[in-house]
Amino acid sequence: MNERTPIGEAELRLALRGLRRDIEPARDLWPDIAARIGALPRHGASRRRHPWLLSLATAASLAAALGLAWQLRAPPATAPATPAAASAPSLVEREADSLTVQYQAALRELDAHPVPANWQPGIEALDRSAAEIREALRAQPDSRLLLERLRATYTRRLALARRALYA
Amino acid sequence: MHTLLKLPVAIALACAALAPAWAATPIDQVRPLDPRGRVEIDNLKGRVEVRAWDRQEVRVTGSLGDGVEKLVIDGDRDELRIEVKYPNRSRNTEPTMLVVQVPLQAELEIETVSADIDVHGVAPRELSLQSVSGDIVANGAPRRASVESVSGDVNLTFNSSEVEASTVSGDLVVAGRLTGEASVETVSGDLRFDSRGERLRKFSAGSVSGNIAARLALAEAGEIRMESVSGDLGLDVPKALSAEVSGESFSGDLSAPGAKIQREDFGPGSSFHQRYGDGKGEIRLETFSGDARLRLF
Amino acid sequence: MLLQAMPLTPDAIDAPSAEACEDAALVRRAAAADIAAFEQLYRRHHARMHGVIARLVGQAGARAEDLVQEAFVRAWQALPAFRFESAVSTWLHRLAVNTALMELRSRRGRPGMDDDEDALDSLPTADTAGNAMLGRDLERAVATLPPRARAVLVLHDVEGWKHEEIAAELGMAVGSSKAQLHRARHLLRERIGGWA
């Protein structure tokens with residue numbers, strides 16, 4: 001048998017990352033796509049017909065936006081001596097506001113669907129907690145702790161609403 | 001144990017005889033499973049009980065609630081899936097009671113919505129329990145465990161080296177011979193953690209308004225991080241602690257043996273920084289308005 | 001806001017590029033029913049979307065191609081609701097992932113996962129010499145994983161998503177996502193273990 005050299009964890013992880021590549025389909029898919037789009041009713045009408053699609057799209061955008069807050073989790077030590085660092089407090093505050101606005105928009109879409117009773121207590125607890133954190137942010141606007149707690153709470157709240165949808 | 005298992009079936013049969021209109025269907029199925037095979041269980045409402053045994057088999061007993069579409073048991077010696085299928089938009093379905101006996105080391109993944117989960121005596125490599133409003137009670141020796149309920153209470157007694165547990169509004173208790181890493185989180189439930197004297201490399205606990213009480217020892221150069229918004233944090237560690245400990249709070253009270261609490265000159269906010277022993281590890285306690293207290297035992 | 005224009009993926013963080021601005025302009029036109037603009041978006045992003053879809057469903061082929069079309073049709077319909085909270089490429093990427101996952105979800109529990117069996121057949125045997133397992137062989141090994149485990153592995157280890165995102169997208173709890181990842185990595189090691 002061949003000599004066995006086990007592949008290291010890091011090497012495997014790197015190899016998996018390397019799989020991330022664009023792949024051309026075997027044929028041009030555009031003509032079929034154009035045909036399907038052509039067969040759809042006009043823009044305005046299709047909007048009414050796919051509220052589900054709308055909430056997924058918005059939730060996708062929101063999830064992407066919430067993901068941005070994760071990039072902000074740099075510990076204070078690594079904040080470079082750039083102009084950005086000097087304005088750090090207002091950065092956190094602005095992120096918290098922007099998070100809330102986007103979160104509420106997505107939630108409006110998702111909450112259009114009734115949530116089963118079992119999810120209610122958890123959802124209510126998360127809503128109360130988010131309100132508590134936003135209240136705390138008014139008193140301490142530059143708190144990374146609070147921003148992180150808010151992001152985590154919103155993410156859980158959104159995830160719960162979506163699980164309820166899929167259930 | 002055997003008579004206990006027969007009970008729900010006996011009741012179901014008796015009731016079926018008395019009132020044909022209500023008929024929870026009894027279950028009794030057996031499938032082979034490799035000692036380290038995987039079992040996935042999905043039940044919306046009712047109860048899921050899992051018990052370990054030393055056979056290379058999975059036995060499913062209990063009773064299917066009225067109105068349930070069917071019980072699916074699917075798979076092979078490697079992996080078995082047990083799912084209670086409900087009709088779409090199910091409103092009038094009765095709860096289903098599942099009692100599942102699994103090989104001691106079988107990997108376990110259980111997901112419910114309102115069904116309670118009760119797991120006893122298992123020792124898999126991997127254990128995953130999730131519920132929305134069901135309570136979860138589990139004990140055993142999983143190498144890695146991940147447990148979550150949203151509004152149910154969670155009570156875990158594990159000998160384990162990697163535990164992750166969270167609730168939103170339910171209470172959370174995690175105890176046992178806990179080593180390696182543990183991460184526990186709640187939003188508004190109360191959280192209690194006790195490693196029974198064992199040392200952890202990494203411990204993190206978070207809450208919004210729930211209180212956290214943790215008692216553990218720190219491995220050399222280990223790390224503890226606890227955060228909350230308005231919940232109180234209580235950390236008990238052995239006297240032989242070797243760590244740099246820092247605490248910070250906007251308006252809560254801080255206390256740590258021998259530590260001097262610094263207050264901000266202007267406005268609210270206080271913090272402390274204290275070295276214990278050689279200062280090899282790192283402990284950080286942070287709150288907004290909750291109190292944070294370190295104690296040595 | 002500068003931050004909102006940043007793509008999600010850690011290895012692509014930079015200021016809004018000319019490309020991102022062009023995408024934004026195309027999206028605005030496409031949202032107003034300009035199909036030529038939408039075709040431009042297709043040309044720019046279809047290979048990336050096809051890549052992630054193929055990895056999620058196991059391999060490139062008819063099924064992946066159908067899903068790419070599905071994703072673009074959905075994109076066309078959802079464009080009017082796009083509020084530029086993220087880069088266009090990120091949004092399209094997520095839509096592609098969501099489309100593939102919805103299909104996987106609807107197939108769940110069906111016996112005889114044909115695609116996975118085909119993928120298994122194309123695995124090299126133990127006689128294959130050398131360390132050629134990285135690259136194509138790894139791709140094929142990933143294709144043989146059970147659907148849910150594969151989805152979590154691809155999203156986490158290949159695409160770089162976090163567990164919270166994966167859980168939200170798959171409609172599962174975060175713990176399940178982590179459990180599936182451990183399982184996937186374990187199975188993957190088993191399948192490639194004999195070739196090195």
# chains A, B, ... in the order shown; residues from 1 in each chain; ligands from 1
>>> interface_residues(of="chain A", to="chain B", cutoff="10 Å", atoms="only C-alpha atoms", output="compact mmCIF listing (two decimals) with C-alpha atoms, in the first residue's frame")
# COMPACT_ATOMS: atom_id res chain seq x y z
CA ALA A 117 -47.46 30.00 19.23
CA ASN A 118 -44.38 28.03 20.25
CA TRP A 119 -42.06 30.66 18.94
CA GLN A 120 -43.86 33.55 20.62
CA PRO A 121 -42.25 33.55 24.09
CA GLY A 122 -38.76 33.38 22.62
CA ILE A 123 -39.50 36.10 20.09
CA GLU A 124 -41.01 38.33 22.73
CA ALA A 125 -38.01 37.80 25.01
CA LEU A 126 -35.65 38.75 22.18
CA ARG A 128 -37.67 42.99 24.92
CA SER A 129 -33.94 42.40 25.15
CA ALA A 130 -33.24 44.30 21.97
CA GLU A 132 -33.28 47.02 26.62
CA ILE A 133 -29.99 47.12 24.76
CA ALA A 136 -28.63 51.14 27.25
CA LEU A 137 -26.93 52.41 24.07
CA ALA A 139 -26.72 56.01 27.90
CA GLN A 140 -23.47 54.54 26.61
CA SER A 143 -20.08 50.61 23.92
CA LEU A 145 -20.23 45.34 24.27
CA LEU A 146 -23.72 46.69 23.67
CA ARG A 149 -25.08 42.13 22.17
CA LEU A 150 -27.50 43.99 19.91
CA ALA A 152 -26.33 38.92 18.43
CA THR A 153 -29.90 39.55 19.58
CA ARG A 156 -31.12 35.36 16.81
CA ARG A 157 -34.43 37.15 16.41
CA LEU A 160 -35.98 32.48 14.83
CA ARG A 163 -37.06 29.00 11.35
CA ALA A 164 -40.70 29.61 12.14
CA ALA A 167 -41.31 24.95 10.10
>>> residues_around(residues="range 201-204 of chain B", least_positions_apart="5", cutoff="9 Å", atoms="only C-alpha atoms", output="mmCIF file with C-alpha atoms, in the first residue's frame")
data_model
loop_
_atom_site.group_PDB
_atom_site.id
_atom_site.type_symbol
_atom_site.label_atom_id
_atom_site.label_comp_id
_atom_site.auth_asym_id
_atom_site.auth_seq_id
_atom_site.Cartn_x
_atom_site.Cartn_y
_atom_site.Cartn_z
ATOM 1 C CA THR B 179 -12.936 20.521 30.680
ATOM 2 C CA GLY B 180 -11.610 22.000 27.461
ATOM 3 C CA GLU B 181 -13.981 24.649 26.187
ATOM 4 C CA ALA B 182 -17.438 25.742 27.198
ATOM 5 C CA SER B 183 -19.618 28.467 25.843
ATOM 6 C CA VAL B 184 -22.934 29.302 27.442
ATOM 7 C CA GLU B 185 -25.373 31.992 26.568
ATOM 8 C CA LEU B 216 -14.841 26.652 37.477
ATOM 9 C CA LEU B 218 -8.812 27.764 34.891
ATOM 10 C CA ALA B 219 -6.273 25.707 32.972
ATOM 11 C CA GLU B 220 -2.812 27.219 32.570
ATOM 12 C CA ALA B 221 -2.959 30.304 30.312
ATOM 13 C CA GLY B 222 -6.696 29.755 29.992
ATOM 14 C CA GLU B 223 -9.275 32.398 29.169
ATOM 15 C CA ILE B 224 -12.581 33.359 30.761
ATOM 16 C CA ARG B 225 -14.890 35.930 29.340
ATOM 17 C CA MET B 226 -18.244 36.903 30.802
ATOM 18 C CA GLU B 227 -20.534 39.643 29.541
#
>>> interface_residues(of="chain B", to="chain C", cutoff="12 Å", atoms="only C-alpha atoms", output="number ranges by chain")
B: 37-38, 40, 72-76, 78-83, 85, 107-113, 125-132, 143-150, 162-167, 183-184
>>> interface_residues(of="chain C", to="chain A", cutoff="6 Å", atoms="only C-alpha atoms", output="PyMOL selection string")
chain C and resi 47-48+50-51+69+78+85-86+158+168+171+196
>>> write_last_selection(atoms="N, CA and C atoms", output="short mmCIF file (atom, residue, chain, number, x, y, z; two decimals), in the first residue's frame")
data_model
loop_
_atom_site.label_atom_id
_atom_site.label_comp_id
_atom_site.auth_asym_id
_atom_site.auth_seq_id
_atom_site.Cartn_x
_atom_site.Cartn_y
_atom_site.Cartn_z
N ALA C 47 -20.97 32.91 -13.39
CA ALA C 47 -19.98 31.85 -13.13
C ALA C 47 -19.77 31.65 -11.64
N ARG C 48 -19.75 32.74 -10.92
CA ARG C 48 -19.58 32.64 -9.47
C ARG C 48 -20.78 31.96 -8.84
N HIS C 50 -22.91 29.96 -10.33
CA HIS C 50 -22.92 28.55 -10.74
C HIS C 50 -21.91 27.75 -9.93
N GLY C 51 -20.79 28.37 -9.63
CA GLY C 51 -19.76 27.68 -8.82
C GLY C 51 -20.30 27.26 -7.47
N GLN C 69 -30.56 29.15 -13.34
CA GLN C 69 -31.65 29.86 -14.02
C GLN C 69 -32.69 30.32 -13.02
N ALA C 78 -36.93 39.95 -7.55
CA ALA C 78 -36.66 40.57 -6.24
C ALA C 78 -35.88 41.88 -6.36
N GLU C 85 -28.17 47.34 0.77
CA GLU C 85 -27.55 47.17 2.09
C GLU C 85 -26.24 46.41 1.96
N SER C 86 -26.05 45.76 0.84
CA SER C 86 -24.81 45.02 0.64
C SER C 86 -24.40 45.19 -0.81
N VAL C 158 -15.69 26.48 2.59
CA VAL C 158 -15.33 26.95 1.25
C VAL C 158 -15.73 28.42 1.08
N ALA C 168 -29.28 30.40 9.94
CA ALA C 168 -30.42 31.20 9.51
C ALA C 168 -30.84 30.81 8.09
N GLY C 171 -32.42 27.32 8.03
CA GLY C 171 -33.59 27.14 8.89
C GLY C 171 -33.31 26.13 9.98
N ALA C 196 -3.75 9.54 0.69
CA ALA C 196 -2.52 10.33 0.87
C ALA C 196 -1.35 9.45 1.26
#
>>> closest_residue(among="C:Leu95, C:Val142, C:Leu26, C:Leu155", to="Arg43 in chain C", atoms="only C-alpha atoms")
C:Leu26
>>> select_by_dssp(residues="range 120-259 of chain B", states="strand (DSSP E)", output="VMD selection string")
chain B and resid 120 to 122 126 to 131 136 to 140 144 to 149 154 to 158 160 to 166 172 to 175 178 to 185 191 to 206 212 to 228 233 to 237 243 to 249 254 to 255
>>> atom_distance(atom1="CA of Glu148 in chain A", atom2="CA of Ala81 in chain C")
27.5 Å
>>> atom_distance(atom1="CA of Asp291 in chain B", atom2="CA of Leu233 in chain B")
6.1 Å
